[in-house]
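One structure below.
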Amino acid sequence: MTSHTQFGLANPFDTPERKAFRETIQNFVATEIRPYAHEWDEAGQVPWELHEKLGALGVFGFGIDEKYGGLGFEDPFMRSDYAVTMAMCGAGGVAAALGARSISTDPIQKLASEDIKLRVLPEILSGRKGGSLGITEPGGGSDVAALTTTARQEGEEWVLNGSKTFITGGMESDYFVIAARTGGPGLTGISLFFVEADAPGFTRTPLAKKMGWWASNQATLYFDECRVPAGNLMGQKDYGFLQIVNNFNYERLGLVGCALGMMKVCLEDSIEWAQERHTFGKPLIKHQVIRHKIADMSAKIDAVQSNLWIMCAQIDAGNMPVAEICKAKFAATKALEFCASEAMQILGGAGYLRGNRIENVYREVKVIAIGGGSEEIMKDLAMRQMGL
Ligand SMILES: Cc1cc2nc3c(=O)[nH]c(=O)nc-3n(C[C@H](O)[C@H](O)[C@H](O)COP(=O)(O)OP(=O)(O)OC[C@H]3O[C@@H](n4cnc5c(N)ncnc54)[C@H](O)[C@@H]3O)c2cc1C
């Protein structure tokens, strides 16, 4: 993107392959997304062909076997660079609309039957079809152990009853991974099911207007004696949710990348504006108060960025730093909150206008702080992971 991001640190773990991937995505975002992102956000939708164009670049295929249409390798740095770059496109909803499928594909690869994987994963990864993960219910999202959607076995079928809400991509997805209770109370007792949008007893409605993420849809899903084949049980009965808890690490890592990209938008646009805008006889950037705001933003970006690189390096070496990812998520969203506020202040009234990237970032801070595990839940989880 623009040169201001060059003020930060250089990635000591960079490789020619990672650089090439990053530049491909940056060029794609600059030419195919950024000029239209605001328009799509206002329209509440991205053109479906964009899913397919990104799918063709392989961005949905990290960690997925080639025989299912994936890349056949994992690279946390490339995943993070993708999240950062997409978050700079000017509308977080565009990134969410395209990328949300990834939280469904990891569980499908890990736990679905071979038949389902071979049939469905290539479609989702190529961008031809959407996939969603349904955990949150109208009764709550943080306390997964209390979920109430049920599934009972009847002959060669499972019968689901209940409801899910806030499901990203839910209005357009053909394929769903749904958590439902098959056993007693608690996290043990929750199984995962592969549900197709045309399953009998499945219906959906869109969520009402939202504060941000307009270009992505969130749905409430209803299961009314919804029947799926017995083979759609994913993984071990009663242990499905426990079998995928590790997948949330990548979702959270992606959200750290997303927060970082949004912080970079704050820095870039603040510098650009502060250099152009003159008050009291000099450019804004020559006023000490404004200089300090920019320095503060830049320092927070360095901290979040360094942390992200170190975590990626650890994952690359085979160690998932679960506690650190939880801490990084709430630290990044707090840093983002600071940057969004300071950037809006630097732009003044101009930042308050729709169509401006800062206005968009400001409205979308909270979805990053709440979705994928809220700040409070991340702190609890980090403490437990630290043995406290
Ligand atoms: C735009 C958007 C997209 C989403 N996409 C998806 C999706 O694709 N799939 C999906 O399954 N879900 C999705 N979610 C749901 C999201 O995961 C939940 O919103 C989140 O987990 C919080 O759940 P909740 O909103 O029900 O809040 P609640 O669980 O009701 O919590 C409310 C508040 O209380 C706090 N809180 C809860 N328990 C405690 C505690 N013990 N101590 C201190 N504080 C506590 C929480 O941190 C939160 O701030 C999405 C949400 C949004 C906003």
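Each chain of the structure tokens is named A, B, ... in the order shown, its residues numbered from 1; ligands are numbered from 1 in display order.
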Report as JSON, numbers by chain all protein, DNA and RNA residues lying within 8 Å of Ala83 of chain A, evaluated on only C-alpha atoms, omitting residues in the same chain fewer than 3 positions from it. {"A": [79, 80, 86, 87, 254, 255, 257, 258, 261]}
What's around segment 101-108 of chain A at 10 Å? Count only C-alpha atoms, leave out sequence neighbours fewer than 5 positions away in its own chain, and write the answer as a ChimeraX atom specification. /A:59-64,70,96,113-114,116-117,120-122,124-125,127,129-134,168-170,173,175-178,192-194,234-235,240-241,243-248,250-251,372
List as a ChimeraX atom specification the protein and nucleic acid residues near Gly212 of chain A, meaning an atom at most 10 Å away when only C-alpha atoms are counted, but skip any in the same chain fewer than 4 places from it. /A:41,91-93,216,360-367
Keeping only C-alpha atoms, write the selected residues as a PDB file, in the first residue's frame.
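Saved the output as result-v6.pdb:
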```
ATOM      1  CA  ASP A  41     -20.165  -1.807   2.041  1.00  0.00           C
ATOM      2  CA  ALA A  91     -14.319  -1.675   4.736  1.00  0.00           C
ATOM      3  CA  GLY A  92     -13.928  -4.475   7.272  1.00  0.00           C
ATOM      4  CA  GLY A  93     -17.207  -5.975   6.112  1.00  0.00           C
ATOM      5  CA  SER A 216     -20.941  -9.101   5.244  1.00  0.00           C
ATOM      6  CA  ASN A 360     -15.087   2.881   8.917  1.00  0.00           C
ATOM      7  CA  VAL A 361     -12.337   1.759  11.310  1.00  0.00           C
ATOM      8  CA  TYR A 362     -13.888   3.702  14.194  1.00  0.00           C
ATOM      9  CA  ARG A 363     -17.232   1.895  13.711  1.00  0.00           C
ATOM     10  CA  GLU A 364     -15.584  -1.504  13.422  1.00  0.00           C
ATOM     11  CA  VAL A 365     -13.324  -1.523  16.491  1.00  0.00           C
ATOM     12  CA  LYS A 366     -15.892  -3.280  18.637  1.00  0.00           C
ATOM     13  CA  VAL A 367     -16.639  -6.171  16.325  1.00  0.00           C
TER      14      VAL A 367
END
```
Distance filter 8 Å around ligand 1, atoms: only C-alpha atoms and all ligand atoms, out as a PyMOL selection string: chain A and resi 100+103+132-143+164-170+210+212-213+218+367+370-377+380
Output file for the selection above: C-alpha atoms, as a CSV table (one decimal), in the first residue's frame:
```
chain,number,residue,atom,x,y,z
A,100,ALA,CA,-15.4,-15.9,7.2
A,103,ILE,CA,-13.6,-20.8,10.3
A,132,SER,CA,-20.1,-20.8,8.0
A,133,LEU,CA,-19.5,-21.9,11.5
A,134,GLY,CA,-22.5,-21.7,13.9
A,135,ILE,CA,-21.7,-21.7,17.6
A,136,THR,CA,-23.4,-18.6,19.0
A,137,GLU,CA,-27.0,-18.8,20.0
A,138,PRO,CA,-29.6,-16.1,20.8
A,139,GLY,CA,-29.1,-17.1,24.5
A,140,GLY,CA,-25.4,-16.2,24.4
A,141,GLY,CA,-22.0,-16.7,22.7
A,142,SER,CA,-19.3,-16.6,25.4
A,143,ASP,CA,-20.6,-19.4,27.5
A,164,LYS,CA,-27.9,-19.9,16.1
A,165,THR,CA,-27.4,-16.2,15.6
A,166,PHE,CA,-24.7,-13.8,14.4
A,167,ILE,CA,-23.5,-16.4,11.9
A,168,THR,CA,-21.2,-14.6,9.4
A,169,GLY,CA,-22.0,-15.4,5.8
A,170,GLY,CA,-25.1,-17.3,7.0
A,210,LYS,CA,-25.4,-3.3,12.2
A,212,GLY,CA,-20.3,-2.0,10.9
A,213,TRP,CA,-19.3,-4.9,8.7
A,218,GLN,CA,-24.9,-12.3,9.6
A,367,VAL,CA,-16.6,-6.2,16.3
A,370,ILE,CA,-16.2,-8.9,20.7
A,371,GLY,CA,-16.1,-11.4,17.9
A,372,GLY,CA,-14.0,-14.6,18.0
A,373,GLY,CA,-13.8,-14.4,21.8
A,374,SER,CA,-14.4,-11.1,23.6
A,375,GLU,CA,-11.7,-9.2,25.5
A,376,GLU,CA,-13.1,-10.4,28.9
A,377,ILE,CA,-13.2,-14.1,27.7
A,380,ASP,CA,-10.0,-15.4,31.4
```
Need to verify the contact set: Leu347 of chain A, 10 Å, only C-alpha atoms, exclusion of same-chain residues closer than 6 positions in sequence. Can you return it as a PyMOL selection string? chain A and resi 266+269-274+277+284+356+358-359
Near-Gly189 of chain A list (12 Å; only C-alpha atoms; drop same-chain fewer than 4 positions) as a VMD selection string: chain A and resid 144 to 152 179 to 185 236 to 243
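Counting from atom CA of Leu98 of chain A, the distance to atom CA of Leu160 of chain A is 27.7 Å.
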Nearest residue to Ser298 of chain A from the set A:Met383, A:Ala37, A:Val228, A:Ala343 (distances using only C-alpha atoms): A:Ala343
Taking the DSSP secondary structure from the backbone, can you list the residues of segment 73-310 of chain A that are strand (DSSP E or B), as JSON, numbers by chain? {"A": [131, 132, 133, 134, 137, 140, 150, 151, 152, 153, 154, 157, 158, 159, 160, 161, 162, 163, 164, 165, 166, 167, 168, 175, 176, 177, 178, 179, 180, 181, 190, 191, 192, 193, 194, 195, 196, 202, 203, 204, 205, 206, 218, 219, 220, 221, 222, 223, 224, 225, 226, 227, 228, 229, 233, 234, 239, 278, 279, 282, 283]}
